[in-house]
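Data first, discussion second: the structure below is written as structure tokens.
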Amino acid sequence: MSRLFRFLQFCIVVLITLPIAALPLRLAVKAGDFLGSLLFLVWSGRRKIAVDNLSAAVSRGALALDAPPEQIVKQMFRNLGRSFVEVVKIYYGLGDRIVRSVRFSGVEHFQKAREKGKGILFITGHCGNWELNALAVGLLLSPVSVVARPVDNPYFNRLVERARRRNGNSVIYKKGALRKILGALHHDEVVGILMDQSVVPAEGIAADFLGRKDFIMKTPALLALKTGAAVIPAFIRRTDDGHVIEIGAEVEPDRSEDAEQSVRNSTVAFSRPIEDYIRRNPSEWLWIHRRWKRSEEANADNRQ
């Protein structure tokens with residue numbers, strides 16, 4: 001793809017999103033609801049994936065719903081629409097009110113982990129407005145290094161990276177990330193990792209996630225066992241008047257003599273808070289992801 005095409009692509013998106021960013025917050029929320037509802041109607045492929053994923057999880061007994069799966073998925077799309085609008089305002093420097101209005105619970109768990117002096121691993125998932133999660137933590141609690149994949153379009157990536165680096169935060173791109181993460185933890189810094197999506201077998205362990213086996217990212221377990229960093233779950237949840245970030249108690253890794261079993265047990269333990277969040281807030285998780293696309297490989301995995 002030529003540089004000129006990427007630049008034109010960027011300009012078109014800016015022309016569309018800048019007016020949204022300029023909307024008063026009350027109107028922006030309504031625009032987000034409309035956008036999410038529209039996506040639910042027209043993005044039929046992803047809607048089907050989401051409904052199938054959610055329905056299958058219910059049928060496995062992994063979670064219970066108080067509404068039909070289609071209604072939960074529609075709420076999820078509306079959350080995506082609102083999150084998109086919020087993030088657009090933040091990216092253009094017009095969302096300070098959104099970030100500053102985020103409330104916290106469980107800060108005492110963060111403070112206790114800080115006392116260990118070995119760095120903190122925030123584990124989270126694609127829950128609520130996950131982009132806002134790191135921005136609010138950076139501004140209101142502590143700078144955080146976010147592990148992320150760069151956006152394919154370099155012009156978009158500069159815009160996103162500039163926003164992510166506000167409030168003292170930094171970005172660690174996945175390519176060559178291990179050395180930088182170890183360095184950050186060595187200096188008693190905070191690193192945030194999204195660990196809820198399917199990974200290739202070499203990067204994960206085969207275990208149940210919401211009642212069905214697939215590969216779960218093992219990187220947090222490897223890092224915690226190597227560095228002694230405190231592992232803290234942190235999830236953002238939408239409320240009637242904004243957002244709240246819920247910080248959980250430290251999850252201790254398993255330190256079995258068998259190193260492979262230790263990584264496996266720790267990975268499962270770190271994944272449980274994500275499953276618990278999804279059970280409590282099913283409409284705020286990203287069901288449109290093909291989370292169990294490697295289930296056959298995971299079931300055939302012999303490293304168990």
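Chain labels run A, B, ... following the order of the structure tokens; each chain numbers its residues from 1, and ligands are numbered from 1 in the order shown.
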
Proximity check region 177-277 of chain A to region 17-36 of chain A, 12 Å, nearest pairs one decimal Å, only C-alpha atoms, as a tab-separated table:
```
residue	atom	partner	partner_atom	distance
A:Asp240	CA	A:Val29	CA	11.6
A:Asp241	CA	A:Arg26	CA	11.2
A:Gly242	CA	A:Val29	CA	10.6
```

Exercise for the section: Looking only at alpha helix (DSSP H) from DSSP on the backbone, list the matching residues of region 142-292 of chain A as a ChimeraX atom specification. Expected result: /A:154-164,177-186,219-227,259-280

Can I get the residues of region 173-253 of chain A within 12 Å of region 76-89 of chain A, each with the closest pair of atoms and their distance in Å to one decimal, using only C-alpha atoms, sorted chain first then ascending number, as CSV?
```
residue,atom,partner,partner_atom,distance
A:Ile236,CA,A:Ser83,CA,11.5
A:Arg237,CA,A:Asn79,CA,10.2
A:Arg238,CA,A:Asn79,CA,8.3
A:Thr239,CA,A:Asn79,CA,11.0
A:Gly242,CA,A:Glu86,CA,10.7
A:His243,CA,A:Ser83,CA,10.8
```

Atoms to include: C-alpha atoms. Write the selected residues as an mmCIF file, in the first residue's frame.
```cif
data_model
loop_
_atom_site.group_PDB
_atom_site.id
_atom_site.type_symbol
_atom_site.label_atom_id
_atom_site.label_comp_id
_atom_site.auth_asym_id
_atom_site.auth_seq_id
_atom_site.Cartn_x
_atom_site.Cartn_y
_atom_site.Cartn_z
ATOM 1 C CA ILE A 236 -12.830 -0.775 33.463
ATOM 2 C CA ARG A 237 -16.606 -0.875 33.604
ATOM 3 C CA ARG A 238 -19.158 1.549 32.217
ATOM 4 C CA THR A 239 -21.609 3.041 34.725
ATOM 5 C CA GLY A 242 -19.060 7.424 33.535
ATOM 6 C CA HIS A 243 -16.574 4.641 34.192
#
```

Exercise for the section: Mind checking which residues fall within 12 Å of Glu296 (chain A), counting only C-alpha atoms, ignoring those fewer than 2 positions away in the same chain, and posting them as a list in words? Expected result: Pro201, Ala206, Ala207, Arg212, Lys213, Asp214, Phe215, Trp292, Lys293, Arg294, Ala298, Asn299, Ala300 and Asp301 of chain A

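Nearest-residue note for Val73 (chain A): choosing from A:Ile49, A:Leu135, A:Val244, A:Cys127, the minimum distance belongs to A:Ile49, counting only C-alpha atoms.
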
Exercise for the section: Enumerate the residues of region 103-279 of chain A with a DSSP assignment of strand (DSSP E or B), computed from the backbone, and present them as a PyMOL selection string. Expected result: chain A and resi 103-105+120-124+127+144-148+170-173+190-194+204-209+212-217+230-239+242-247

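Take CA of Phe5 (chain A) and CA of Lys174 (chain A): the distance between them is 25.6 Å.
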
With only C-alpha atoms as the counted atoms, please give the residues lying no more than 9 Å from region 272-284 of chain A, apart from itself and same-chain residues fewer than 5 positions off, as a PDB file with N, CA and C atoms, in the first residue's frame.
```pdb
ATOM      1  N   LEU A  54     -21.398 -16.143  22.440  1.00  0.00           N
ATOM      2  CA  LEU A  54     -22.118 -15.949  23.702  1.00  0.00           C
ATOM      3  C   LEU A  54     -23.081 -17.106  23.965  1.00  0.00           C
ATOM      4  N   ALA A  62     -20.990 -21.761  31.250  1.00  0.00           N
ATOM      5  CA  ALA A  62     -19.891 -20.898  31.671  1.00  0.00           C
ATOM      6  C   ALA A  62     -20.373 -19.573  32.233  1.00  0.00           C
ATOM      7  N   LEU A  63     -21.568 -19.141  31.830  1.00  0.00           N
ATOM      8  CA  LEU A  63     -22.155 -17.919  32.388  1.00  0.00           C
ATOM      9  C   LEU A  63     -23.656 -17.965  32.198  1.00  0.00           C
ATOM     10  N   ALA A  64     -24.346 -17.139  32.970  1.00  0.00           N
ATOM     11  CA  ALA A  64     -25.797 -17.035  32.883  1.00  0.00           C
ATOM     12  C   ALA A  64     -26.155 -15.614  32.484  1.00  0.00           C
ATOM     13  N   LEU A  65     -27.228 -15.470  31.717  1.00  0.00           N
ATOM     14  CA  LEU A  65     -27.652 -14.163  31.227  1.00  0.00           C
ATOM     15  C   LEU A  65     -29.013 -13.805  31.778  1.00  0.00           C
ATOM     16  N   GLN A  71     -29.758  -9.601  22.582  1.00  0.00           N
ATOM     17  CA  GLN A  71     -29.877  -8.324  23.289  1.00  0.00           C
ATOM     18  C   GLN A  71     -28.560  -7.953  23.969  1.00  0.00           C
ATOM     19  N   ILE A  72     -27.894  -8.932  24.549  1.00  0.00           N
ATOM     20  CA  ILE A  72     -26.592  -8.683  25.176  1.00  0.00           C
ATOM     21  C   ILE A  72     -25.587  -8.216  24.124  1.00  0.00           C
ATOM     22  N   VAL A  73     -25.601  -8.866  22.971  1.00  0.00           N
ATOM     23  CA  VAL A  73     -24.675  -8.488  21.899  1.00  0.00           C
ATOM     24  C   VAL A  73     -24.988  -7.083  21.387  1.00  0.00           C
ATOM     25  N   LYS A  74     -26.258  -6.730  21.303  1.00  0.00           N
ATOM     26  CA  LYS A  74     -26.608  -5.373  20.894  1.00  0.00           C
ATOM     27  C   LYS A  74     -26.070  -4.358  21.899  1.00  0.00           C
ATOM     28  N   GLN A  75     -26.171  -4.669  23.177  1.00  0.00           N
ATOM     29  CA  GLN A  75     -25.603  -3.784  24.202  1.00  0.00           C
ATOM     30  C   GLN A  75     -24.092  -3.679  24.041  1.00  0.00           C
ATOM     31  N   MET A  76     -23.442  -4.812  23.682  1.00  0.00           N
ATOM     32  CA  MET A  76     -22.004  -4.792  23.461  1.00  0.00           C
ATOM     33  C   MET A  76     -21.642  -3.846  22.325  1.00  0.00           C
ATOM     34  N   PHE A  77     -22.403  -3.897  21.218  1.00  0.00           N
ATOM     35  CA  PHE A  77     -22.149  -3.001  20.087  1.00  0.00           C
ATOM     36  C   PHE A  77     -22.349  -1.540  20.493  1.00  0.00           C
ATOM     37  N   ASN A  79     -21.853  -0.361  23.455  1.00  0.00           N
ATOM     38  CA  ASN A  79     -20.670  -0.016  24.243  1.00  0.00           C
ATOM     39  C   ASN A  79     -19.488   0.294  23.328  1.00  0.00           C
ATOM     40  N   LEU A  80     -19.329  -0.500  22.258  1.00  0.00           N
ATOM     41  CA  LEU A  80     -18.255  -0.238  21.298  1.00  0.00           C
ATOM     42  C   LEU A  80     -18.436   1.127  20.645  1.00  0.00           C
ATOM     43  N   ILE A 123      -2.979  -6.974  34.523  1.00  0.00           N
ATOM     44  CA  ILE A 123      -3.573  -7.846  33.514  1.00  0.00           C
ATOM     45  C   ILE A 123      -5.029  -7.443  33.324  1.00  0.00           C
ATOM     46  N   THR A 124      -5.427  -7.372  32.072  1.00  0.00           N
ATOM     47  CA  THR A 124      -6.783  -6.950  31.757  1.00  0.00           C
ATOM     48  C   THR A 124      -7.190  -7.576  30.432  1.00  0.00           C
ATOM     49  N   GLY A 125      -8.337  -7.161  29.917  1.00  0.00           N
ATOM     50  CA  GLY A 125      -8.827  -7.698  28.658  1.00  0.00           C
ATOM     51  C   GLY A 125      -9.561  -6.634  27.871  1.00  0.00           C
ATOM     52  N   HIS A 126     -10.139  -7.052  26.757  1.00  0.00           N
ATOM     53  CA  HIS A 126     -10.901  -6.135  25.910  1.00  0.00           C
ATOM     54  C   HIS A 126     -12.288  -5.970  26.535  1.00  0.00           C
ATOM     55  N   CYS A 127     -12.300  -5.243  27.644  1.00  0.00           N
ATOM     56  CA  CYS A 127     -13.487  -5.078  28.479  1.00  0.00           C
ATOM     57  C   CYS A 127     -13.802  -3.595  28.611  1.00  0.00           C
ATOM     58  N   GLY A 128     -15.088  -3.256  28.552  1.00  0.00           N
ATOM     59  CA  GLY A 128     -15.460  -1.855  28.661  1.00  0.00           C
ATOM     60  C   GLY A 128     -14.721  -1.031  27.626  1.00  0.00           C
ATOM     61  N   ASN A 129     -14.311   0.165  28.000  1.00  0.00           N
ATOM     62  CA  ASN A 129     -13.481   1.005  27.124  1.00  0.00           C
ATOM     63  C   ASN A 129     -12.026   0.776  27.537  1.00  0.00           C
ATOM     64  N   MET A 195      -4.685  -9.877  27.937  1.00  0.00           N
ATOM     65  CA  MET A 195      -4.356 -11.299  27.789  1.00  0.00           C
ATOM     66  C   MET A 195      -5.586 -12.171  27.534  1.00  0.00           C
ATOM     67  N   ASP A 196      -6.639 -11.592  26.953  1.00  0.00           N
ATOM     68  CA  ASP A 196      -7.877 -12.349  26.812  1.00  0.00           C
ATOM     69  C   ASP A 196      -8.111 -12.947  25.436  1.00  0.00           C
ATOM     70  N   PHE A 209     -11.215 -21.634  28.731  1.00  0.00           N
ATOM     71  CA  PHE A 209     -11.583 -20.230  28.881  1.00  0.00           C
ATOM     72  C   PHE A 209     -13.081 -20.163  28.657  1.00  0.00           C
ATOM     73  N   LEU A 210     -13.821 -19.809  29.687  1.00  0.00           N
ATOM     74  CA  LEU A 210     -15.287 -19.832  29.657  1.00  0.00           C
ATOM     75  C   LEU A 210     -15.808 -21.187  29.185  1.00  0.00           C
ATOM     76  N   PRO A 233      -5.112  -7.685  38.596  1.00  0.00           N
ATOM     77  CA  PRO A 233      -6.162  -7.512  37.589  1.00  0.00           C
ATOM     78  C   PRO A 233      -6.776  -6.114  37.693  1.00  0.00           C
ATOM     79  N   ALA A 234      -7.027  -5.497  36.545  1.00  0.00           N
ATOM     80  CA  ALA A 234      -7.617  -4.150  36.525  1.00  0.00           C
ATOM     81  C   ALA A 234      -8.564  -4.045  35.340  1.00  0.00           C
ATOM     82  N   PHE A 235      -9.839  -3.840  35.609  1.00  0.00           N
ATOM     83  CA  PHE A 235     -10.849  -3.798  34.557  1.00  0.00           C
ATOM     84  C   PHE A 235     -11.672  -2.525  34.656  1.00  0.00           C
ATOM     85  N   ARG A 237     -15.196  -0.543  33.790  1.00  0.00           N
ATOM     86  CA  ARG A 237     -16.606  -0.875  33.604  1.00  0.00           C
ATOM     87  C   ARG A 237     -17.403   0.411  33.433  1.00  0.00           C
ATOM     88  N   ARG A 238     -18.313   0.380  32.468  1.00  0.00           N
ATOM     89  CA  ARG A 238     -19.158   1.549  32.217  1.00  0.00           C
ATOM     90  C   ARG A 238     -20.270   1.618  33.258  1.00  0.00           C
ATOM     91  N   GLY A 248      -8.192  -5.423  41.371  1.00  0.00           N
ATOM     92  CA  GLY A 248      -8.334  -6.577  42.242  1.00  0.00           C
ATOM     93  C   GLY A 248      -7.100  -6.836  43.077  1.00  0.00           C
ATOM     94  N   THR A 267      -0.843 -19.237  34.559  1.00  0.00           N
ATOM     95  CA  THR A 267      -1.621 -18.682  33.449  1.00  0.00           C
ATOM     96  C   THR A 267      -3.117 -18.856  33.691  1.00  0.00           C
TER      97      THR A 267
END
```

Problem - Close residues, Pro220 (chain A) itself excluded, 12 Å, only C-alpha atoms, min 5 positions apart in chain, as number ranges by chain - result: A: 120-124, 147, 178, 181-182, 185, 191-196, 203-205, 225-233, 251-253, 263-271

Selection file, C-alpha atoms, as a CSV table (one decimal), in the first residue's frame:
```csv
chain,number,residue,atom,x,y,z
A,120,ILE,CA,3.5,-4.4,38.7
A,121,LEU,CA,1.8,-6.3,35.9
A,122,PHE,CA,-1.7,-5.0,35.3
A,123,ILE,CA,-3.6,-7.8,33.5
A,124,THR,CA,-6.8,-7.0,31.8
A,147,VAL,CA,1.9,-3.5,25.4
A,178,LEU,CA,10.2,-8.8,26.2
A,181,ILE,CA,9.0,-5.1,29.6
A,182,LEU,CA,11.7,-6.7,31.7
A,185,LEU,CA,9.7,-4.1,35.8
A,191,VAL,CA,3.1,-2.6,32.6
A,192,GLY,CA,-0.3,-3.3,31.2
A,193,ILE,CA,-1.1,-6.4,29.2
A,194,LEU,CA,-4.3,-7.5,27.4
A,195,MET,CA,-4.4,-11.3,27.8
A,196,ASP,CA,-7.9,-12.3,26.8
A,203,GLU,CA,2.7,-18.2,23.0
A,204,GLY,CA,0.1,-19.9,25.2
A,205,ILE,CA,-1.0,-22.8,27.2
A,225,LEU,CA,7.9,-16.0,37.7
A,226,LYS,CA,11.1,-14.4,36.3
A,227,THR,CA,10.9,-11.0,37.9
A,228,GLY,CA,8.7,-11.4,41.0
A,229,ALA,CA,6.5,-8.6,39.8
A,230,ALA,CA,3.1,-8.3,41.4
A,231,VAL,CA,0.2,-9.3,39.1
A,232,ILE,CA,-2.9,-7.2,39.6
A,233,PRO,CA,-6.2,-7.5,37.6
A,251,VAL,CA,-2.9,-12.9,42.0
A,252,GLU,CA,0.0,-15.0,43.2
A,253,PRO,CA,1.8,-17.2,40.6
A,263,VAL,CA,3.6,-21.6,34.1
A,264,ARG,CA,0.4,-23.5,33.3
A,265,ASN,CA,-1.1,-23.1,36.7
A,266,SER,CA,-0.1,-19.4,36.9
A,267,THR,CA,-1.6,-18.7,33.4
A,268,VAL,CA,-4.9,-20.3,34.5
A,269,ALA,CA,-4.9,-18.3,37.7
A,270,PHE,CA,-4.3,-15.0,35.9
A,271,SER,CA,-7.1,-15.7,33.4
```

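Considering the residues A:Arg149, A:Asp188, A:Leu141, A:Leu159 and counting only C-alpha atoms, Gly176 (chain A) has its shortest atom-to-atom contact with A:Arg149.
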
Handout entry: Gap from CA of Asp208 (chain A) to CA of Arg60 (chain A) - Å, one decimal
Key = 11.4 Å

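The residue that comes closest to Ala136 (chain A), out of A:Phe104, A:Phe156, A:Trp43, A:Phe110 and on the basis of only C-alpha atoms, is A:Phe104.
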
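Comparing the minimum interatomic distances between Trp285 (chain A) and each of A:Val151, A:Ala50, A:Val13, A:Leu41, counting only C-alpha atoms, we find that A:Ala50 sits nearest.
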
Completion exercise
Expressed in Å, the length from CA of Tyr92 (chain A) to CA of Leu15 (chain A) is 12.2 Å
